[in-house]
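J.: Before I ask anything, let me first share the structure, which is written out below as structure tokens.
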Amino acid sequence: MSPGARFRALMAQQACLVTPGCYDALSARVAEHAGFEALAISGFGVEAALLGRPDIGLLTLSELVEQARRITGAVDLPITCDGETGFGGVHNVARLVREMEQAGIAGIQIEDQQGPKRCPALDGRSVVSLDEQLARLGAALAARRDPDFVVIARSDADVLGFDALVERCNRYLAAGADLAMPICFVVDGRPITALSPDDQMEVYARLAKAIDGPVKGVLIPDGYTAADMAQIGYRVLGLTGGPIEAAVNALHRAFTELRRSGSEAAYRAAVPPEITAPGGIMKLLGLDQFTEFETRFRSADDAT
């Protein structure tokens, strides 16, 4: 099965497919080791990990594709990737799809932001016209060689209002997108985080009900779970912020303790490692398989 077919099969089998975010080969291997069956490459995560820069549209098409290729080469899981705004016109979108297919990606999301795009957590987002986004999606759908390659239509039209967000998602699905991905960071001019978790869930439920097709979410309100999101109609969750947040906070604390104490022992005492360096990490990364492979062929050489 192709990566796209595998992703679609998992969607069909599960009420809500949870795809945690990865940003490099190491984070993907750790997620695979934890038992996840599919992953999502975060544009925010790749921009932070690869460039050490904020999510303000600095990443290039080739940088993203090469990082995706490294990640798919490290794990045996179907992976979707943030395709940003497509990196230009319809020819750029088509090139992105073809290169992502060649890199082993299961599908990409294309957003309707005006370039240069911005993280939804930042002020200053704006969206292109409906016709321009439909052209982006049309190019992506026409460019795919594998009909199972997944095209996810992301909309940041929450900046225009709830009704506009719903209308755009429905238009994108009607145009052939496989999933709608409504970004809902703003509700009635206020950050959704200003609402209580119960009120956030009410907004998400209204959103999923109003969209005529499968919906991908990106947040779970505090106190709720993926099972709760499935109950209100979400088919896929791309939870990309948590993993890199965990990594950055762990690194920050480790470096701070090392600088303060002059020893790595203080951090290890405060946060006892479950997977130790270097042996435990190399084992997680497949050391036993590499050793077995080497031993097998060394034995063949010795026999001759």
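So you can find residues: chains in the structure tokens are A, B, ... in the order shown, residues in each start at 1, and ligands are numbered from 1 in order.
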What lies within 7 Å of segment 28-34 of chain A using only C-alpha atoms, ignoring chain neighbours under 2 positions off, as a PDB file with C-alpha atoms, in the first residue's frame?
T.:
ATOM      1  CA  CYS A  22       7.256  15.551  14.428  1.00  0.00           C
ATOM      2  CA  ASP A  24      12.951  15.724  12.495  1.00  0.00           C
ATOM      3  CA  ALA A  25      13.922  12.060  12.219  1.00  0.00           C
ATOM      4  CA  LEU A  26      14.595  11.730  15.955  1.00  0.00           C
ATOM      5  CA  PHE A  36       1.621   5.932  17.231  1.00  0.00           C
ATOM      6  CA  ILE A  71      11.695  11.711   8.417  1.00  0.00           C
ATOM      7  CA  ALA A  74      13.564   6.972   9.555  1.00  0.00           C
ATOM      8  CA  VAL A  75      10.149   5.442  10.322  1.00  0.00           C
ATOM      9  CA  LEU A 285      17.103   4.203  17.146  1.00  0.00           C
TER      10      LEU A 285
END
J.: Which residues are close to Leu173 of chain A, i.e. within 9 Å by only C-alpha atoms, leaving aside same-chain residues fewer than 4 positions away? Reply as a VMD selection string.
T.: chain A and resid 152 to 153 168 to 169 177 to 180 211 to 214
J.: Next, the residues of the selection above should be written as a short mmCIF file (atom, residue, chain, number, x, y, z; two decimals), in the first residue's frame with N, CA and C atoms.
T.:
data_model
loop_
_atom_site.label_atom_id
_atom_site.label_comp_id
_atom_site.auth_asym_id
_atom_site.auth_seq_id
_atom_site.Cartn_x
_atom_site.Cartn_y
_atom_site.Cartn_z
N ILE A 152 -5.29 17.93 2.15
CA ILE A 152 -6.01 18.52 3.28
C ILE A 152 -6.11 20.02 3.06
N ALA A 153 -7.32 20.55 3.10
CA ALA A 153 -7.55 21.97 2.87
C ALA A 153 -7.65 22.69 4.21
N ARG A 168 -15.87 28.37 3.65
CA ARG A 168 -14.65 28.02 2.91
C ARG A 168 -14.34 26.53 3.03
N CYS A 169 -14.45 25.99 4.20
CA CYS A 169 -14.17 24.55 4.37
C CYS A 169 -15.11 23.72 3.48
N ALA A 177 -11.10 18.30 -1.97
CA ALA A 177 -10.18 18.07 -0.86
C ALA A 177 -10.65 16.88 -0.03
N ASP A 178 -9.71 16.13 0.52
CA ASP A 178 -10.05 14.92 1.28
C ASP A 178 -10.44 15.21 2.71
N LEU A 179 -9.88 16.27 3.26
CA LEU A 179 -10.17 16.67 4.64
C LEU A 179 -10.21 18.19 4.70
N ALA A 180 -11.06 18.71 5.56
CA ALA A 180 -11.04 20.14 5.88
C ALA A 180 -10.32 20.33 7.21
N ILE A 211 -19.63 21.54 8.92
CA ILE A 211 -18.77 21.22 7.78
C ILE A 211 -19.21 19.89 7.18
N ASP A 212 -19.44 19.90 5.88
CA ASP A 212 -20.00 18.73 5.19
C ASP A 212 -18.91 17.79 4.70
N GLY A 213 -18.23 17.15 5.64
CA GLY A 213 -17.19 16.21 5.27
C GLY A 213 -16.24 15.99 6.44
N PRO A 214 -15.22 15.18 6.24
CA PRO A 214 -14.29 14.87 7.33
C PRO A 214 -13.47 16.08 7.74
#
J.: Can you tell me which residues surround segment 109-111 of chain A at a distance of at most 6 Å, considering only C-alpha atoms, apart from same-chain residues fewer than 5 positions away, and format the answer as a ChimeraX atom specification?
T.: /A:82-85,151-155
J.: Residues of segment 82-237 of chain A classed as helix (DSSP H, G or I) by DSSP on the backbone are to be reported as an MDAnalysis selection string.
T.: chainID A and resid 90:102 130:143 157:159 162:174 192:194 197:210 226:231
J.: Which residues come within 7 Å of Ala157 of chain A, counting only C-alpha atoms, excluding same-chain residues fewer than 5 positions away, as a PyMOL selection string?
T.: chain A and resi 127+164-165
J.: With distances taken over only C-alpha atoms, which residue among A:Pro3, A:Gly124, A:Gly86, A:Gly217 lies nearest Ile232 of chain A?
T.: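 The shortest atom-to-atom distance to Ile232 of chain A comes from A:Gly217.
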J.: Using only C-alpha atoms, what does the table of segment 149-190 of chain A residues within 12 Å of segment 194-201 of chain A look like, with each row giving the shortest atom pair and its distance in Å to one decimal, sorted by chain and ascending number, as JSON lines?
T.:
{"residue": "A:Cys184", "atom": "CA", "partner": "A:Gln200", "partner_atom": "CA", "distance": 9.7}
{"residue": "A:Phe185", "atom": "CA", "partner": "A:Ala194", "partner_atom": "CA", "distance": 10.0}
{"residue": "A:Val186", "atom": "CA", "partner": "A:Ala194", "partner_atom": "CA", "distance": 9.4}
{"residue": "A:Val187", "atom": "CA", "partner": "A:Leu195", "partner_atom": "CA", "distance": 9.0}
{"residue": "A:Asp188", "atom": "CA", "partner": "A:Leu195", "partner_atom": "CA", "distance": 10.9}
{"residue": "A:Gly189", "atom": "CA", "partner": "A:Ala194", "partner_atom": "CA", "distance": 10.6}
{"residue": "A:Arg190", "atom": "CA", "partner": "A:Ala194", "partner_atom": "CA", "distance": 6.9}
J.: Just to confirm, what's the straight-line distance from atom CA of Gly242 of chain A to atom CA of Ala49 of chain A in Å (one decimal)?
T.: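 For atom CA of Gly242 of chain A relative to atom CA of Ala49 of chain A, the distance reads 14.1 Å.
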J.: So, with only C-alpha atoms as the atoms that count, which of A:Asp131, A:Ile244, A:Ala175, A:Leu122 lies closest to Glu47 of chain A?
T.: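 Ranked by minimum distance to Glu47 of chain A, first place goes to A:Ile244.
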J.: Could you please determine the separation between atom CA of Gln289 of chain A and atom CA of Gly104 of chain A in Å, to one decimal place?
T.: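 Computing it gives 22.2 Å between the two atoms.
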J.: Which residues are near Ile105 of chain A? Cut-off 7 Å, only C-alpha atoms, ignore same chain within fewer than 6 positions. Put them as a VMD selection string.
T.: chain A and resid 3 72 78 to 80
J.: Report the residues of segment 169-213 of chain A whose backbone DSSP state falls under strand (DSSP E or B), written as an NGL selection string.
T.: :A and (179-182 or 186-187 or 190-191)
